[in-house]
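Pasting final03.txt here (compact mmCIF, C-alpha atoms):
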```
# COMPACT_ATOMS: atom_id res chain seq x y z
CA MET A 1 41.25 4.72 26.87
CA SER A 2 37.70 4.01 25.79
CA THR A 3 35.84 1.03 24.47
CA THR A 4 32.46 0.72 22.83
CA LEU A 5 30.29 -2.15 23.96
CA THR A 6 27.29 -3.45 22.10
CA THR A 7 24.72 -5.96 23.19
CA PRO A 8 22.51 -8.17 21.08
CA ALA A 9 19.10 -6.82 20.18
CA ARG A 10 16.37 -7.32 22.76
CA ASP A 11 14.23 -10.37 22.24
CA VAL A 12 11.06 -8.42 21.70
CA THR A 13 9.44 -11.38 19.99
CA SER A 14 8.86 -13.30 23.22
CA ARG A 15 6.64 -10.82 25.05
CA PRO A 16 3.56 -9.90 22.98
CA GLN A 17 1.42 -7.15 24.51
CA PRO A 18 -2.21 -6.12 23.93
CA TRP A 19 -2.59 -3.87 20.92
CA PRO A 20 -2.67 -0.17 21.86
CA PRO A 21 -5.95 1.66 21.17
CA ALA A 22 -4.16 3.69 18.49
CA ILE A 23 -3.57 0.49 16.50
CA TRP A 24 -7.30 -0.16 16.33
CA ALA A 25 -7.79 3.45 15.22
CA LEU A 26 -5.21 3.00 12.46
CA LEU A 27 -6.87 -0.20 11.26
CA THR A 28 -10.20 1.64 11.21
CA VAL A 29 -8.67 4.48 9.20
CA THR A 30 -7.28 1.93 6.74
CA LEU A 31 -10.65 0.24 6.27
CA VAL A 32 -12.68 3.47 6.04
CA ALA A 33 -10.24 5.15 3.64
CA ARG A 34 -10.17 2.15 1.31
CA ALA A 35 -13.90 1.36 1.53
CA GLY A 36 -14.70 4.97 0.69
CA GLY A 37 -11.98 5.28 -1.96
CA PHE A 38 -14.32 5.73 -4.93
CA SER A 39 -12.38 8.51 -6.65
CA TYR A 40 -9.76 6.40 -8.44
CA PRO A 41 -11.79 3.38 -9.67
CA PHE A 42 -14.71 5.56 -10.80
CA LEU A 43 -12.83 8.59 -12.16
CA GLY A 44 -12.65 7.07 -15.63
CA TYR A 45 -16.41 6.35 -15.65
CA HIS A 46 -17.08 9.89 -14.41
CA LEU A 47 -15.02 11.48 -17.20
CA LYS A 48 -16.57 9.27 -19.88
CA HIS A 49 -19.98 10.35 -18.56
CA LEU A 50 -18.83 13.95 -19.16
CA ASN A 51 -18.11 12.95 -22.79
CA TYR A 52 -14.33 13.22 -22.64
CA THR A 53 -12.38 11.11 -25.12
CA THR A 54 -10.55 7.94 -24.18
CA VAL A 55 -7.21 9.74 -24.62
CA ALA A 56 -8.29 12.54 -22.30
CA VAL A 57 -9.49 10.05 -19.71
CA GLY A 58 -6.21 8.18 -19.90
CA GLN A 59 -4.23 11.38 -19.38
CA ALA A 60 -6.28 12.33 -16.33
CA LEU A 61 -5.85 8.86 -14.84
CA ALA A 62 -2.12 9.02 -15.53
CA LEU A 63 -1.93 12.33 -13.63
CA PHE A 64 -3.81 10.74 -10.77
CA GLY A 65 -1.23 7.94 -10.76
CA VAL A 66 1.67 10.41 -10.81
CA GLY A 67 0.14 12.26 -7.87
CA TRP A 68 -0.32 8.96 -6.03
CA LEU A 69 3.35 8.06 -6.52
CA VAL A 70 4.67 11.49 -5.47
CA GLY A 71 2.19 11.68 -2.60
CA GLN A 72 3.57 8.53 -0.99
CA VAL A 73 7.04 10.03 -0.71
CA ILE A 74 5.76 13.44 0.42
CA THR A 75 3.52 12.07 3.17
CA GLY A 76 6.19 9.62 4.32
CA TRP A 77 8.70 12.47 4.61
CA ALA A 78 6.15 14.72 6.32
CA ALA A 79 5.33 12.01 8.87
CA ASP A 80 8.97 12.06 10.00
CA ARG A 81 9.37 15.83 9.78
CA PHE A 82 6.07 17.17 11.14
CA GLY A 83 4.64 14.20 13.04
CA ARG A 84 2.38 11.24 12.38
CA ARG A 85 -0.93 12.64 13.58
CA ARG A 86 -0.39 16.09 12.08
CA THR A 87 0.43 14.63 8.65
CA LEU A 88 -2.45 12.16 8.60
CA VAL A 89 -5.02 14.73 9.70
CA ALA A 90 -3.73 17.28 7.17
CA ALA A 91 -3.73 14.80 4.27
CA MET A 92 -7.23 13.54 5.00
CA THR A 93 -8.50 17.11 5.37
CA VAL A 94 -7.02 18.10 2.00
CA ALA A 95 -8.70 15.03 0.48
CA ALA A 96 -12.04 15.95 2.03
CA VAL A 97 -11.82 19.42 0.46
CA SER A 98 -10.31 18.55 -2.95
CA LEU A 99 -12.44 15.57 -3.94
CA PRO A 100 -15.75 17.50 -4.15
CA VAL A 101 -13.94 20.14 -6.23
CA LEU A 102 -12.80 17.40 -8.63
CA ALA A 103 -16.36 16.05 -8.75
CA GLN A 104 -17.79 19.43 -9.81
CA ALA A 105 -15.00 20.40 -12.23
CA ARG A 106 -15.91 20.49 -15.91
CA ALA A 107 -12.99 22.29 -17.58
CA TYR A 108 -10.30 19.80 -18.58
CA LEU A 109 -7.39 21.71 -17.02
CA ALA A 110 -9.31 21.90 -13.73
CA ILE A 111 -10.01 18.17 -13.92
CA CYS A 112 -6.32 17.40 -14.53
CA ALA A 113 -5.23 19.62 -11.63
CA GLY A 114 -7.87 18.05 -9.39
CA ALA A 115 -6.82 14.54 -10.42
CA LEU A 116 -3.19 15.31 -9.56
CA VAL A 117 -4.07 16.66 -6.10
CA ALA A 118 -6.52 13.82 -5.47
CA GLY A 119 -3.79 11.34 -6.38
CA VAL A 120 -1.39 12.89 -3.87
CA VAL A 121 -3.81 12.40 -0.96
CA TYR A 122 -5.70 9.30 -2.17
CA ASP A 123 -3.43 6.76 -0.44
CA ALA A 124 -1.69 9.19 1.91
CA ALA A 125 -2.61 7.14 4.96
CA ARG A 126 -0.46 4.18 3.88
CA PRO A 127 3.08 5.42 4.77
CA VAL A 128 1.84 7.21 7.89
CA VAL A 129 0.07 4.09 9.16
CA SER A 130 3.17 1.99 8.38
CA ALA A 131 5.38 4.33 10.41
CA CYS A 132 2.87 4.45 13.29
CA ILE A 133 2.66 0.66 13.49
CA ALA A 134 6.46 0.44 13.58
CA ASP A 135 6.49 3.06 16.37
CA LEU A 136 3.79 1.47 18.49
CA VAL A 137 4.42 -2.27 18.10
CA HIS A 138 7.97 -3.45 18.86
CA ASN A 139 7.30 -7.17 18.72
CA ASP A 140 8.04 -8.35 15.16
CA ALA A 141 5.53 -11.20 15.22
CA GLN A 142 2.82 -8.96 16.66
CA ARG A 143 3.63 -6.24 14.14
CA ALA A 144 3.18 -8.79 11.37
CA ALA A 145 -0.22 -9.76 12.80
CA VAL A 146 -1.29 -6.10 12.75
CA ASN A 147 -0.09 -5.74 9.15
CA GLY A 148 -1.93 -8.92 8.21
CA TRP A 149 -5.24 -7.57 9.41
CA ARG A 150 -4.40 -4.19 7.92
CA HIS A 151 -3.96 -5.83 4.52
CA GLY A 152 -7.23 -7.70 5.04
CA GLY A 153 -8.89 -4.35 5.71
CA VAL A 154 -7.46 -2.94 2.47
CA ASN A 155 -8.87 -5.81 0.43
CA ILE A 156 -12.24 -5.83 2.15
CA GLY A 157 -12.44 -2.08 1.71
CA ALA A 158 -11.61 -2.38 -2.00
CA ALA A 159 -14.38 -4.96 -2.41
CA ILE A 160 -16.82 -2.63 -0.63
CA THR A 161 -15.73 0.21 -2.93
CA GLY A 162 -16.51 -1.79 -6.06
CA ALA A 163 -19.80 -3.21 -4.80
CA VAL A 164 -21.22 -0.05 -3.21
CA GLY A 165 -19.96 2.22 -5.96
CA GLY A 166 -21.55 0.06 -8.64
CA VAL A 167 -24.91 0.12 -6.84
CA LEU A 168 -24.94 3.85 -6.06
CA ALA A 169 -23.47 5.26 -9.27
CA GLY A 170 -26.60 4.56 -11.33
CA PRO A 171 -29.29 6.22 -9.22
CA LEU A 172 -27.14 8.90 -7.53
CA GLY A 173 -24.45 9.72 -10.08
CA PHE A 174 -20.67 9.59 -10.05
CA GLU A 175 -20.35 13.01 -8.40
CA PHE A 176 -22.06 11.59 -5.32
CA LEU A 177 -19.34 8.94 -5.02
CA PHE A 178 -16.67 11.65 -4.86
CA TRP A 179 -18.57 13.42 -2.10
CA LEU A 180 -18.88 10.10 -0.27
CA ASN A 181 -15.12 9.60 -0.65
CA ALA A 182 -14.59 13.07 0.82
CA ALA A 183 -16.82 12.22 3.78
CA ALA A 184 -14.81 9.05 4.44
CA CYS A 185 -11.58 11.07 4.42
CA ALA A 186 -13.07 13.60 6.82
CA ALA A 187 -14.03 10.73 9.15
CA CYS A 188 -10.45 9.43 8.96
CA ALA A 189 -9.13 12.87 9.92
CA VAL A 190 -11.42 12.93 12.97
CA ILE A 191 -10.40 9.39 14.02
CA ALA A 192 -6.68 10.22 13.66
CA HIS A 193 -7.04 13.45 15.65
CA ARG A 194 -9.01 11.70 18.38
CA PHE A 195 -6.97 8.53 18.89
CA LEU A 196 -3.38 9.21 17.83
CA ALA A 197 -0.99 10.73 20.35
CA PRO A 198 -0.33 14.47 19.84
CA ASP A 199 2.86 15.32 18.01
CA PRO A 200 5.49 17.60 19.56
CA VAL A 201 4.90 21.28 18.91
CA LEU A 202 7.74 21.19 16.37
CA LEU A 203 9.86 18.17 15.63
CA PRO A 204 13.60 18.81 15.45
CA ARG A 205 14.90 19.13 11.91
CA VAL A 206 17.25 16.22 12.60
CA ALA A 207 14.15 13.99 12.45
CA VAL A 208 14.60 13.90 8.70
CA SER A 209 18.10 15.21 8.21
CA ARG A 210 20.12 15.33 5.05
CA ALA A 211 21.92 12.26 6.32
CA ALA A 212 18.61 10.40 6.51
CA HIS A 213 17.76 11.48 2.98
CA ARG A 214 21.13 10.30 1.74
CA GLU A 215 20.68 7.03 3.60
CA ALA A 216 17.36 6.38 1.87
CA ALA A 217 18.65 7.48 -1.54
CA THR A 218 21.69 5.20 -1.37
CA ASP A 219 20.19 2.20 0.44
CA VAL A 220 20.41 -0.54 -2.18
CA ARG A 221 18.17 -2.78 -0.06
CA LEU A 222 15.34 -0.24 -0.13
CA TRP A 223 15.49 0.20 -3.90
CA LEU A 224 15.72 -3.52 -4.59
CA LEU A 225 12.67 -3.96 -2.34
CA TRP A 226 10.96 -1.18 -4.29
CA LEU A 227 11.72 -2.87 -7.61
CA ALA A 228 10.62 -6.31 -6.40
CA SER A 229 7.44 -4.77 -4.99
CA THR A 230 6.65 -2.86 -8.18
CA ALA A 231 7.00 -6.04 -10.24
CA ALA A 232 4.90 -8.16 -7.86
CA LEU A 233 2.29 -5.46 -7.33
CA THR A 234 1.92 -5.04 -11.09
CA CYS A 235 0.32 -8.48 -10.92
CA ALA A 236 -1.82 -7.52 -7.90
CA ALA A 237 -2.89 -4.22 -9.48
CA GLY A 238 -4.11 -6.23 -12.44
CA MET A 239 -7.09 -7.24 -10.29
CA TYR A 240 -8.38 -3.67 -10.55
CA THR A 241 -6.82 -2.31 -13.76
CA ALA A 242 -6.02 -5.10 -16.23
CA LEU A 243 -8.89 -7.43 -15.31
CA PRO A 244 -11.63 -5.11 -16.65
CA LEU A 245 -9.77 -4.92 -19.98
CA LEU A 246 -9.58 -8.70 -20.22
CA MET A 247 -13.21 -9.20 -19.22
CA GLU A 248 -14.43 -6.56 -21.64
CA GLN A 249 -12.49 -8.37 -24.37
CA ASP A 250 -14.56 -11.47 -23.56
CA GLY A 251 -17.82 -9.53 -23.64
CA LEU A 252 -18.44 -9.69 -19.88
CA SER A 253 -20.33 -6.90 -18.11
CA ALA A 254 -19.42 -4.70 -15.15
CA ASP A 255 -21.60 -6.94 -12.98
CA ALA A 256 -19.31 -9.86 -13.80
CA TYR A 257 -16.32 -7.77 -12.71
CA GLY A 258 -18.12 -7.06 -9.43
CA LEU A 259 -18.41 -10.82 -8.85
CA THR A 260 -14.64 -11.21 -9.23
CA GLN A 261 -14.12 -8.55 -6.54
CA LEU A 262 -16.56 -10.42 -4.31
CA ALA A 263 -14.48 -13.58 -4.85
CA ASN A 264 -11.40 -11.60 -3.88
CA ALA A 265 -13.02 -10.39 -0.65
CA VAL A 266 -14.26 -13.88 0.29
CA ALA A 267 -10.81 -15.37 -0.29
CA VAL A 268 -9.18 -12.64 1.83
CA LEU A 269 -11.67 -13.17 4.67
CA ALA A 270 -11.14 -16.93 4.57
CA LEU A 271 -7.35 -16.99 4.25
CA THR A 272 -6.21 -14.04 6.39
CA PRO A 273 -7.04 -15.75 9.73
CA LEU A 274 -5.33 -18.94 8.50
CA LEU A 275 -2.13 -17.45 7.11
CA THR A 276 -1.51 -14.50 9.44
CA PRO A 277 -0.57 -16.45 12.63
CA TRP A 278 1.88 -18.65 10.73
CA LEU A 279 3.41 -15.70 8.89
CA SER A 280 3.58 -13.68 12.12
CA ARG A 281 5.71 -16.37 13.76
CA ARG A 282 8.07 -16.30 10.79
CA CYS A 283 8.31 -12.50 11.00
CA GLY A 284 9.45 -12.93 14.61
CA ARG A 285 12.78 -14.29 13.39
CA SER A 286 15.82 -12.05 13.06
CA ARG A 287 16.18 -12.41 9.29
CA PRO A 288 13.59 -10.78 7.01
CA MET A 289 11.25 -13.06 5.06
CA LEU A 290 12.91 -12.71 1.68
CA GLY A 291 12.33 -16.31 0.65
CA MET A 292 8.60 -15.89 1.29
CA LEU A 293 8.70 -12.57 -0.58
CA ALA A 294 10.04 -14.35 -3.67
CA VAL A 295 7.49 -17.17 -3.40
CA SER A 296 4.63 -14.71 -3.00
CA ALA A 297 5.67 -12.79 -6.12
CA LEU A 298 5.56 -16.03 -8.12
CA LEU A 299 2.14 -16.90 -6.67
CA LEU A 300 0.80 -13.47 -7.62
CA GLY A 301 2.17 -13.79 -11.13
CA ALA A 302 0.83 -17.30 -11.63
CA GLY A 303 -2.58 -16.50 -10.14
CA MET A 304 -3.21 -13.42 -12.24
CA ALA A 305 -1.70 -15.07 -15.34
CA MET A 306 -4.66 -17.48 -15.14
CA ALA A 307 -6.90 -14.51 -16.01
CA GLY A 308 -5.36 -14.49 -19.48
CA LEU A 309 -6.33 -18.11 -20.03
CA VAL A 310 -10.03 -18.00 -19.09
CA ASP A 311 -13.12 -16.40 -20.61
CA THR A 312 -15.94 -16.87 -18.08
CA THR A 313 -16.93 -15.03 -14.91
CA TRP A 314 -16.22 -18.13 -12.83
CA GLY A 315 -12.82 -18.53 -14.46
CA TYR A 316 -11.86 -14.93 -13.69
CA SER A 317 -13.15 -15.29 -10.12
CA LEU A 318 -11.01 -18.40 -9.66
CA ALA A 319 -7.93 -16.57 -11.00
CA VAL A 320 -8.46 -13.68 -8.58
CA ALA A 321 -8.98 -16.06 -5.65
CA ALA A 322 -5.85 -18.03 -6.62
CA ALA A 323 -3.76 -14.85 -6.42
CA VAL A 324 -4.97 -13.95 -2.91
CA PRO A 325 -2.56 -16.22 -0.95
CA GLY A 326 0.36 -14.64 -2.80
CA GLU A 327 -0.99 -11.17 -2.08
CA ILE A 328 -1.39 -11.84 1.66
CA VAL A 329 2.09 -13.37 1.95
CA PHE A 330 3.63 -10.59 -0.14
CA PHE A 331 2.36 -7.69 1.96
CA LEU A 332 3.40 -9.30 5.24
CA ALA A 333 6.81 -10.34 3.92
CA ALA A 334 7.49 -6.96 2.29
CA SER A 335 6.40 -5.12 5.47
CA ASP A 336 8.72 -7.36 7.49
CA VAL A 337 11.66 -6.55 5.20
CA LEU A 338 10.83 -2.83 5.31
CA ASN A 339 10.62 -2.77 9.11
CA LYS A 340 13.96 -4.53 9.46
CA ILE A 341 15.89 -2.27 7.10
CA SER A 342 14.30 1.08 8.08
CA PRO A 343 16.28 3.34 10.45
CA ASP A 344 14.13 4.68 13.29
CA ARG A 345 14.70 8.32 12.27
CA ALA A 346 13.34 7.79 8.73
CA ARG A 347 10.58 5.21 9.09
CA GLY A 348 8.05 7.42 7.38
CA LEU A 349 10.36 8.25 4.48
CA TYR A 350 11.24 4.60 3.92
CA ALA A 351 7.54 3.64 4.11
CA GLY A 352 6.66 6.40 1.66
CA ILE A 353 9.28 5.33 -0.87
CA TRP A 354 8.19 1.70 -0.58
CA GLY A 355 4.51 2.70 -0.74
CA SER A 356 5.14 4.47 -4.04
CA SER A 357 5.77 1.03 -5.58
CA LEU A 358 2.01 0.41 -5.49
CA ALA A 359 1.36 3.66 -7.33
CA ALA A 360 4.00 2.71 -9.90
CA ALA A 361 2.36 -0.69 -10.32
CA VAL A 362 -1.05 0.92 -10.80
CA ILE A 363 0.46 2.96 -13.64
CA VAL A 364 2.34 0.02 -15.21
CA ALA A 365 -0.38 -2.66 -14.95
CA PRO A 366 -2.97 -1.20 -17.38
CA LEU A 367 -0.24 -0.09 -19.81
CA LEU A 368 1.29 -3.56 -19.79
CA ALA A 369 -2.10 -5.26 -20.18
CA ALA A 370 -3.21 -2.94 -23.00
CA ALA A 371 0.07 -3.37 -24.89
CA SER A 372 0.00 -7.15 -24.42
CA LEU A 373 -3.62 -7.43 -25.54
CA THR A 374 -2.95 -5.32 -28.62
CA ALA A 375 0.24 -7.16 -29.59
CA GLY A 376 -0.65 -10.77 -28.84
CA GLY A 377 -4.02 -11.11 -27.14
CA GLU A 378 -4.89 -12.73 -23.84
CA HIS A 379 -2.16 -15.39 -23.97
CA LEU A 380 0.58 -12.75 -24.24
CA THR A 381 -1.08 -10.89 -21.35
CA ALA A 382 -0.83 -14.06 -19.26
CA LEU A 383 2.84 -14.44 -20.18
CA THR A 384 3.79 -10.84 -19.35
CA THR A 385 1.94 -11.07 -16.03
CA LEU A 386 3.79 -14.26 -15.12
CA THR A 387 7.06 -12.59 -16.16
CA ALA A 388 6.37 -9.65 -13.85
CA GLY A 389 5.88 -12.04 -10.93
CA ALA A 390 9.09 -13.91 -11.81
CA LEU A 391 11.00 -10.61 -11.97
CA GLY A 392 9.72 -9.69 -8.50
CA ALA A 393 10.86 -13.07 -7.18
CA ALA A 394 14.33 -12.76 -8.76
CA VAL A 395 14.93 -9.27 -7.39
CA GLY A 396 13.70 -10.37 -3.96
CA LEU A 397 16.28 -13.16 -3.92
CA LEU A 398 19.02 -10.62 -4.69
CA LEU A 399 18.22 -9.00 -1.34
CA ILE A 400 19.10 -12.08 0.72
CA PRO A 401 22.89 -11.55 0.91
CA LEU A 402 22.38 -7.81 1.53
CA THR A 403 20.27 -8.12 4.67
CA ARG A 404 21.53 -8.74 8.15
CA PRO A 405 19.70 -8.51 11.48
CA ARG A 406 19.68 -4.88 12.62
CA ILE A 407 20.46 -3.98 16.23
CA PRO A 408 17.88 -1.38 17.33
CA ASP A 409 19.35 2.03 18.12
CA ASP A 410 18.03 1.99 21.67
CA ASP A 411 19.75 -1.31 22.36
CA ARG A 412 23.23 0.04 21.76
CA LEU A 413 25.18 0.90 24.89
CA GLU A 414 26.84 4.26 25.19
CA PRO A 415 30.65 4.22 25.10
CA ALA A 416 32.11 3.23 28.44
CA HIS A 417 35.17 5.25 29.45
CA SER A 418 37.93 3.85 31.58
```

Reformat the file's structure so that it appears as structure tokens.
Amino acid sequence: MSTTLTTPARDVTSRPQPWPPAIWALLTVTLVARAGGFSYPFLGYHLKHLNYTTVAVGQALALFGVGWLVGQVITGWAADRFGRRRTLVAAMTVAAVSLPVLAQARAYLAICAGALVAGVVYDAARPVVSACIADLVHNDAQRAAVNGWRHGGVNIGAAITGAVGGVLAGPLGFEFLFWLNAAACAACAVIAHRFLAPDPVLLPRVAVSRAAHREAATDVRLWLLWLASTAALTCAAGMYTALPLLMEQDGLSADAYGLTQLANAVAVLALTPLLTPWLSRRCGRSRPMLGMLAVSALLLGAGMAMAGLVDTTWGYSLAVAAAVPGEIVFFLAASDVLNKISPDRARGLYAGIWGSSLAAAVIVAPLLAAASLTAGGEHLTALTTLTAGALGAAVGLLLIPLTRPRIPDDDRLEPAHS
């Protein structure tokens, strides 16, 4: 006769520990990769400078977006299969080599191929860093604090990208920005190799088995989270993709757009220290923060919808700043949900699938804004943006009855035989 005993999950939320050195390295990689991420926001300017048509530029940017989406899944899978450090170093090395090639390409087919490869590795650090944080920090509240500062680093880095890129592009040229992006990726590869723990010589194939793939493919919670995230992040991506279209419609210059990104960075710096401790305590609970996820999607939609109702630099800056609280809450809440539904053996794969929602949003946001502006002007753009946020909130609420506290694998007792 045998019985199987289980015990409740450990209360890891009551014993916070100092952050491991690898966490600081991962936060540094996040900041450096985003601050030096000139290739995507300036690719369109670069191609226009080479006298390519608007259609050709749009096709190249679309290929970049497709690569970004596919790259999230590939790097997430590789992080589970081949190891975290090995995958991150390889991805950043490929970026360091491919971005200068894209910068020097002149033939359109070469540019399209380079844009696709650059898209694959552009945000490759995201799923790997997510999996590493889940591996290294077992306290839910502390993990949320790390993710809060990680998100702050992403936003600060994006602001640096816009400001520095705008200043350097004129005197040094767009090609220089791609080389600078490559140098940042090379630095990230060195940091990852130096500070992350070595991977096993060869991870067992069971690390990402067919069962794990099936689990991810059929996990309704993961795909509902993906859909909610895509809808909410369509609003957030509007800060970088739809906003320039709206501002150009109002006759505002690129300098005015730079001021909106400065407003975004100031709001992130001011609100992250205020919101992160409170959100971290909420993440320490057993249930994922789905209510906060829904609220944050609405805040993002409402904040960015304001951009369709204003026509001055200060108005656009206020709209961007108003969306920041929703953005901060969203990323912490979504990360909390992801961590609590991800099986240990497929953390990277789950993070990669979820991370692809940002790439999908980056593709959808400019298409939605352009279609809305063409069909009904700025007011319709505001309405569609608000609708995207409401959709994200509604899908997030659908997740509530599907989530239950997960007992960690290492907290299950082996069968006791009698």

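Atom pair atom CA of Gly152 of chain A / atom CA of Gly36 of chain A: separated by 15.3 Å.
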
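Of the listed residues A:Gly355, A:Gly291, A:Gly303, A:Gly65, the one whose atoms come nearest to Ala236 of chain A is A:Gly303, with distances taken using only C-alpha atoms.
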
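Take atom CA of Ala388 of chain A and atom CA of Gly44 of chain A: the distance between them is 25.4 Å.
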
Requested in this report: Using all atoms listed in the file, determine which residues lie at most 9 Å from Ala118 of chain A, disregarding the query and same-chain residues fewer than 6 positions distant; provide the list as a ChimeraX atom specification.
Outcome: /A:39-40,64,67-68,94-95,98-99,102

Serialized selection, C-alpha atoms, as a PDB file, in the frame of the given file:
```
ATOM      1  CA  SER A  39     -12.380   8.510  -6.650  1.00  0.00           C
ATOM      2  CA  TYR A  40      -9.760   6.400  -8.440  1.00  0.00           C
ATOM      3  CA  PHE A  64      -3.810  10.740 -10.770  1.00  0.00           C
ATOM      4  CA  GLY A  67       0.140  12.260  -7.870  1.00  0.00           C
ATOM      5  CA  TRP A  68      -0.320   8.960  -6.030  1.00  0.00           C
ATOM      6  CA  VAL A  94      -7.020  18.100   2.000  1.00  0.00           C
ATOM      7  CA  ALA A  95      -8.700  15.030   0.480  1.00  0.00           C
ATOM      8  CA  SER A  98     -10.310  18.550  -2.950  1.00  0.00           C
ATOM      9  CA  LEU A  99     -12.440  15.570  -3.940  1.00  0.00           C
ATOM     10  CA  LEU A 102     -12.800  17.400  -8.630  1.00  0.00           C
TER      11      LEU A 102
END
```

Within 9 Å of segment 71-92 of chain A, which residues of segment 295-396 of chain A come that close, and what is the closest atom pair and distance in Å for each? Count all atoms listed in the file and give it as JSON lines.
```
{"residue": "A:Arg345", "atom": "CA", "partner": "A:Asp80", "partner_atom": "CA", "distance": 7.2}
{"residue": "A:Ala346", "atom": "CA", "partner": "A:Asp80", "partner_atom": "CA", "distance": 6.2}
{"residue": "A:Arg347", "atom": "CA", "partner": "A:Asp80", "partner_atom": "CA", "distance": 7.1}
{"residue": "A:Gly348", "atom": "CA", "partner": "A:Gly76", "partner_atom": "CA", "distance": 4.2}
{"residue": "A:Leu349", "atom": "CA", "partner": "A:Gly76", "partner_atom": "CA", "distance": 4.4}
{"residue": "A:Tyr350", "atom": "CA", "partner": "A:Gly76", "partner_atom": "CA", "distance": 7.1}
{"residue": "A:Ala351", "atom": "CA", "partner": "A:Gly76", "partner_atom": "CA", "distance": 6.1}
{"residue": "A:Gly352", "atom": "CA", "partner": "A:Gly76", "partner_atom": "CA", "distance": 4.2}
{"residue": "A:Ile353", "atom": "CA", "partner": "A:Val73", "partner_atom": "CA", "distance": 5.2}
{"residue": "A:Trp354", "atom": "CA", "partner": "A:Gln72", "partner_atom": "CA", "distance": 8.3}
{"residue": "A:Gly355", "atom": "CA", "partner": "A:Gln72", "partner_atom": "CA", "distance": 5.9}
{"residue": "A:Ser356", "atom": "CA", "partner": "A:Gln72", "partner_atom": "CA", "distance": 5.3}
{"residue": "A:Ala359", "atom": "CA", "partner": "A:Gln72", "partner_atom": "CA", "distance": 8.3}
```

Could you save the residues just selected, with C-alpha atoms, as an mmCIF file, keeping the file's coordinate frame?
```
data_model
loop_
_atom_site.group_PDB
_atom_site.id
_atom_site.type_symbol
_atom_site.label_atom_id
_atom_site.label_comp_id
_atom_site.auth_asym_id
_atom_site.auth_seq_id
_atom_site.Cartn_x
_atom_site.Cartn_y
_atom_site.Cartn_z
ATOM 1 C CA ARG A 345 14.700 8.320 12.270
ATOM 2 C CA ALA A 346 13.340 7.790 8.730
ATOM 3 C CA ARG A 347 10.580 5.210 9.090
ATOM 4 C CA GLY A 348 8.050 7.420 7.380
ATOM 5 C CA LEU A 349 10.360 8.250 4.480
ATOM 6 C CA TYR A 350 11.240 4.600 3.920
ATOM 7 C CA ALA A 351 7.540 3.640 4.110
ATOM 8 C CA GLY A 352 6.660 6.400 1.660
ATOM 9 C CA ILE A 353 9.280 5.330 -0.870
ATOM 10 C CA TRP A 354 8.190 1.700 -0.580
ATOM 11 C CA GLY A 355 4.510 2.700 -0.740
ATOM 12 C CA SER A 356 5.140 4.470 -4.040
ATOM 13 C CA ALA A 359 1.360 3.660 -7.330
#
```

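Interatomic distance, atom CA of Leu397 of chain A against atom CA of Ala267 of chain A: 27.4 Å.
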
Requested in this report: Identify which of the residues A:Leu180, A:Thr272, A:Ile160, A:Ala302 lies closest to Gly258 of chain A, counting all atoms listed in the file when measuring atom-to-atom distances.
Outcome: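 Under the stated criterion, the closest residue is A:Ile160.
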
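Closest to Leu31 of chain A among A:Ala144, A:Val320, A:Ala158, A:Leu136 is A:Ala158, based on only C-alpha atoms.
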
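Proximity ranking of A:Asn155, A:Ser280, A:Thr374, A:Asp199 relative to Val324 of chain A places A:Asn155 first, based on all atoms listed in the file.
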
**Report entry** Contacts of segment 361-370 of chain A at 7 Å (all atoms listed in the file; same-chain gap of 3+ positions) as a PyMOL selection string
**Finding:** chain A and resi 62+65+230+233-234+237-238+241-242+357-358+373-374+381

Query - Among listed residues A:Val154, A:Ala145, A:Val97, A:Cys283, nearest Asn339 of chain A (using all atoms listed in the file) - result: A:Cys283

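Of the listed residues A:Tyr240, A:Trp179, A:Trp149, A:Phe331, the one whose atoms come nearest to Leu274 of chain A is A:Trp149, with distances taken using all atoms listed in the file.
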
Report task. Excluding Ala159 of chain A and any residue of its chain fewer than 3 positions from it, enumerate the residues within 10 Å of it, using all atoms listed in the file, and give them as a PyMOL selection string. Result -> chain A and resi 34-35+153-156+162-165+258-266

May I have the residues from that selection written out with C-alpha atoms, as an mmCIF file, in the coordinates of the input?
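So again11.cif came out as:
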```cif
data_model
loop_
_atom_site.group_PDB
_atom_site.id
_atom_site.type_symbol
_atom_site.label_atom_id
_atom_site.label_comp_id
_atom_site.auth_asym_id
_atom_site.auth_seq_id
_atom_site.Cartn_x
_atom_site.Cartn_y
_atom_site.Cartn_z
ATOM 1 C CA ARG A 34 -10.170 2.150 1.310
ATOM 2 C CA ALA A 35 -13.900 1.360 1.530
ATOM 3 C CA GLY A 153 -8.890 -4.350 5.710
ATOM 4 C CA VAL A 154 -7.460 -2.940 2.470
ATOM 5 C CA ASN A 155 -8.870 -5.810 0.430
ATOM 6 C CA ILE A 156 -12.240 -5.830 2.150
ATOM 7 C CA GLY A 162 -16.510 -1.790 -6.060
ATOM 8 C CA ALA A 163 -19.800 -3.210 -4.800
ATOM 9 C CA VAL A 164 -21.220 -0.050 -3.210
ATOM 10 C CA GLY A 165 -19.960 2.220 -5.960
ATOM 11 C CA GLY A 258 -18.120 -7.060 -9.430
ATOM 12 C CA LEU A 259 -18.410 -10.820 -8.850
ATOM 13 C CA THR A 260 -14.640 -11.210 -9.230
ATOM 14 C CA GLN A 261 -14.120 -8.550 -6.540
ATOM 15 C CA LEU A 262 -16.560 -10.420 -4.310
ATOM 16 C CA ALA A 263 -14.480 -13.580 -4.850
ATOM 17 C CA ASN A 264 -11.400 -11.600 -3.880
ATOM 18 C CA ALA A 265 -13.020 -10.390 -0.650
ATOM 19 C CA VAL A 266 -14.260 -13.880 0.290
#
```
